[in-house]
Amino acid sequence: MSGGEAVSVLGICGSLRRGSYNAAALRAAEELAPEGLRIEQASIAEVPLYNEDLRLASGFPPAVEALREKIRAADAVLIATPEYNYSVPGVLKNAIDWISRPPEQPFSGKPIALMGASPGRLGTARAQYHLRQIFVFLNAYVMNQPEIFIADAPARFDTEGRLADEPTRSLLKTFLVALRAWALRFKR
Ligand SMILES: Cc1cc2nc3c(=O)[nH]c(=O)nc-3n(C[C@H](O)[C@H](O)[C@H](O)COP(=O)(O)O)c2cc1C
């Protein structure tokens with residue numbers, strides 16, 4: 001076995017849309033993952049709107065508790081997100097806000113990688129940079145390079161939602177190898 005130590009990655013998509021390019025990008029990541037890297041998906045679709053009263057009265061909703069547990073158990077988190085109005089989509093920010101509440105918020109010390117797909121020309125760059133800022137406060141370790149901004153998404157995915165663009169597939173492979181190495185630094 002040449003793959004070495006196994007690394008588990010939790011994939012989170014910042015879009016709830018059935019035909020989401022970002023969900024498709026995460027499926028491509030599963031397909032292209034190198035040996036020794038396993039990607040499992042988690043959904044934020046059931047996370048309610050954040051309400052401090054709810055948390056104080058009855059703790060974390062089950063969907064949030066489940067996400068917190070999965071993040072804790074994973075060696076790294078891979079977020080694929082769209083950009084909404086030059087920033088992080090509300091559904092993703094809302095999920096992060098829930099997950100981040102004490103005690104023992106699970107992003108602290110966690111290796112994270114960001115990617116995003118957009119029909120636009122900047123391929124979610126602005127949303128990704130806002131996420132980086134959020135994760136500074138949450139004390140997560142976001143991988144710096146390589147970065148993946150999948151611009152002009154309709155031209156890179158086929159009608160079945162498969163990542164068809166060879167240069168992007170190749171970059172994604174490189175990105176996942178780097179993510180495995182990044183996660184292993186913190187596992188040791
Ligand atoms: C509320 C809203 C705001 C958007 N703002 C941006 C934006 O700032 N930049 C951008 O590149 N695309 C923007 N878009 C277009 C999205 O990139 C596009 O809908 C994309 O397909 C969403 O990702 P998904 O395919 O994973 O759902 C916006 C879409 C919505 C619904």
# chains A, B, ... in the order shown; residues from 1 in each chain; ligands from 1

$ residues_around --residues "Tyr141 in chain A" --least-positions-apart "2" --cutoff "6 Å" --atoms "only C-alpha atoms" --output "PyMOL selection string"
chain A and resi 110-112

$ residues_near_ligand --ligand "ligand 1" --cutoff "6 Å" --atoms "only C-alpha atoms and all ligand atoms" --output "ChimeraX atom specification"
/A:15,17,20-22,82-86,118-120,123-124

$ write_last_selection --atoms "N, CA, C and O atoms" --output "compact mmCIF listing (two decimals), in the first residue's frame"
# COMPACT_ATOMS: atom_id res chain seq x y z
N SER A 15 -24.08 25.70 -1.11
CA SER A 15 -25.30 25.89 -1.92
C SER A 15 -26.25 24.75 -1.64
O SER A 15 -25.84 23.59 -1.54
N ARG A 17 -28.83 24.26 -3.74
CA ARG A 17 -29.46 24.06 -5.04
C ARG A 17 -29.18 22.66 -5.58
O ARG A 17 -28.05 22.18 -5.53
N SER A 20 -26.45 22.46 -8.18
CA SER A 20 -25.33 23.31 -7.76
C SER A 20 -23.99 22.93 -8.40
O SER A 20 -23.57 21.77 -8.37
N TYR A 21 -23.31 23.93 -8.96
CA TYR A 21 -21.96 23.70 -9.47
C TYR A 21 -21.00 23.36 -8.33
O TYR A 21 -20.03 22.61 -8.51
N ASN A 22 -21.25 23.93 -7.16
CA ASN A 22 -20.35 23.67 -6.04
C ASN A 22 -20.53 22.25 -5.49
O ASN A 22 -19.54 21.60 -5.12
N PRO A 82 -20.56 28.86 -3.34
CA PRO A 82 -20.77 29.96 -4.28
C PRO A 82 -20.43 31.28 -3.61
O PRO A 82 -20.13 31.32 -2.40
N GLU A 83 -20.48 32.33 -4.40
CA GLU A 83 -20.34 33.69 -3.87
C GLU A 83 -21.70 34.37 -4.07
O GLU A 83 -22.24 34.32 -5.18
N TYR A 84 -22.24 34.95 -3.01
CA TYR A 84 -23.48 35.71 -3.13
C TYR A 84 -23.20 37.16 -2.79
O TYR A 84 -22.71 37.47 -1.69
N ASN A 85 -23.55 38.04 -3.71
CA ASN A 85 -23.36 39.47 -3.47
C ASN A 85 -21.96 39.79 -2.94
O ASN A 85 -21.79 40.46 -1.93
N TYR A 86 -20.99 39.22 -3.63
CA TYR A 86 -19.56 39.43 -3.33
C TYR A 86 -19.14 38.87 -1.98
O TYR A 86 -18.12 39.27 -1.41
N SER A 118 -18.35 29.42 -9.90
CA SER A 118 -19.31 30.48 -10.21
C SER A 118 -19.38 30.67 -11.72
O SER A 118 -18.37 30.50 -12.42
N PRO A 119 -20.56 31.03 -12.23
CA PRO A 119 -20.61 31.38 -13.65
C PRO A 119 -19.83 32.66 -13.94
O PRO A 119 -19.51 32.94 -15.08
N GLY A 120 -19.53 33.41 -12.92
CA GLY A 120 -18.83 34.70 -13.09
C GLY A 120 -17.34 34.51 -13.37
O GLY A 120 -16.83 33.38 -13.42
N GLY A 123 -14.85 33.52 -10.03
CA GLY A 123 -14.90 32.17 -9.48
C GLY A 123 -14.93 32.10 -7.96
O GLY A 123 -14.26 31.26 -7.38
N THR A 124 -15.69 32.98 -7.32
CA THR A 124 -15.90 33.00 -5.85
C THR A 124 -14.72 33.53 -5.04
O THR A 124 -14.67 33.35 -3.83

$ select_by_dssp --residues "range 7-171 of chain A" --states "strand (DSSP E)" --output "PyMOL selection string"
chain A and resi 7-13+37-42+76-80+111-117+141-142+148-150

$ atom_distance --atom1 "CA of Pro61 in chain A" --atom2 "CA of Val7 in chain A"
28.0 Å

$ atom_distance --atom1 "CA of Gln145 in chain A" --atom2 "CA of Ala24 in chain A"
21.4 Å

$ decode --residues "range 6-27 of chain A" --atoms "N, CA and C atoms" --output "compact mmCIF listing (two decimals), in the first residue's frame"
# COMPACT_ATOMS: atom_id res chain seq x y z
N ALA A 6 -4.17 7.32 6.31
CA ALA A 6 -5.46 7.77 5.77
C ALA A 6 -5.86 9.11 6.36
N VAL A 7 -6.41 9.95 5.53
CA VAL A 7 -6.87 11.27 5.96
C VAL A 7 -8.35 11.38 5.61
N SER A 8 -9.16 11.76 6.61
CA SER A 8 -10.60 11.90 6.37
C SER A 8 -10.96 13.38 6.24
N VAL A 9 -11.74 13.67 5.21
CA VAL A 9 -12.13 15.05 4.93
C VAL A 9 -13.65 15.14 4.91
N LEU A 10 -14.17 16.16 5.59
CA LEU A 10 -15.61 16.40 5.56
C LEU A 10 -15.88 17.50 4.53
N GLY A 11 -16.67 17.17 3.52
CA GLY A 11 -17.03 18.15 2.48
C GLY A 11 -18.33 18.86 2.84
N ILE A 12 -18.30 20.18 2.76
CA ILE A 12 -19.50 20.98 3.04
C ILE A 12 -19.74 21.90 1.86
N CYS A 13 -20.98 21.88 1.35
CA CYS A 13 -21.32 22.72 0.21
C CYS A 13 -22.12 23.94 0.68
N GLY A 14 -21.76 25.11 0.17
CA GLY A 14 -22.43 26.35 0.56
C GLY A 14 -23.66 26.66 -0.28
N SER A 15 -24.08 25.70 -1.11
CA SER A 15 -25.30 25.89 -1.92
C SER A 15 -26.25 24.75 -1.64
N LEU A 16 -27.55 25.07 -1.56
CA LEU A 16 -28.57 24.04 -1.34
C LEU A 16 -29.24 23.64 -2.67
N ARG A 17 -28.83 24.26 -3.74
CA ARG A 17 -29.46 24.06 -5.04
C ARG A 17 -29.18 22.66 -5.58
N ARG A 18 -30.24 22.03 -6.12
CA ARG A 18 -30.07 20.66 -6.63
C ARG A 18 -28.99 20.61 -7.72
N GLY A 19 -29.01 21.56 -8.63
CA GLY A 19 -28.04 21.53 -9.73
C GLY A 19 -26.77 22.32 -9.44
N SER A 20 -26.45 22.46 -8.18
CA SER A 20 -25.33 23.31 -7.76
C SER A 20 -23.99 22.93 -8.40
N TYR A 21 -23.31 23.93 -8.96
CA TYR A 21 -21.96 23.70 -9.47
C TYR A 21 -21.00 23.36 -8.33
N ASN A 22 -21.25 23.93 -7.16
CA ASN A 22 -20.35 23.67 -6.04
C ASN A 22 -20.53 22.25 -5.49
N ALA A 23 -21.78 21.78 -5.49
CA ALA A 23 -21.99 20.37 -5.13
C ALA A 23 -21.31 19.48 -6.16
N ALA A 24 -21.39 19.88 -7.42
CA ALA A 24 -20.73 19.11 -8.48
C ALA A 24 -19.20 19.13 -8.30
N ALA A 25 -18.68 20.27 -7.86
CA ALA A 25 -17.23 20.36 -7.62
C ALA A 25 -16.81 19.43 -6.48
N LEU A 26 -17.67 19.32 -5.47
CA LEU A 26 -17.35 18.41 -4.36
C LEU A 26 -17.41 16.95 -4.83
N ARG A 27 -18.37 16.64 -5.70
CA ARG A 27 -18.42 15.27 -6.26
C ARG A 27 -17.15 15.00 -7.07
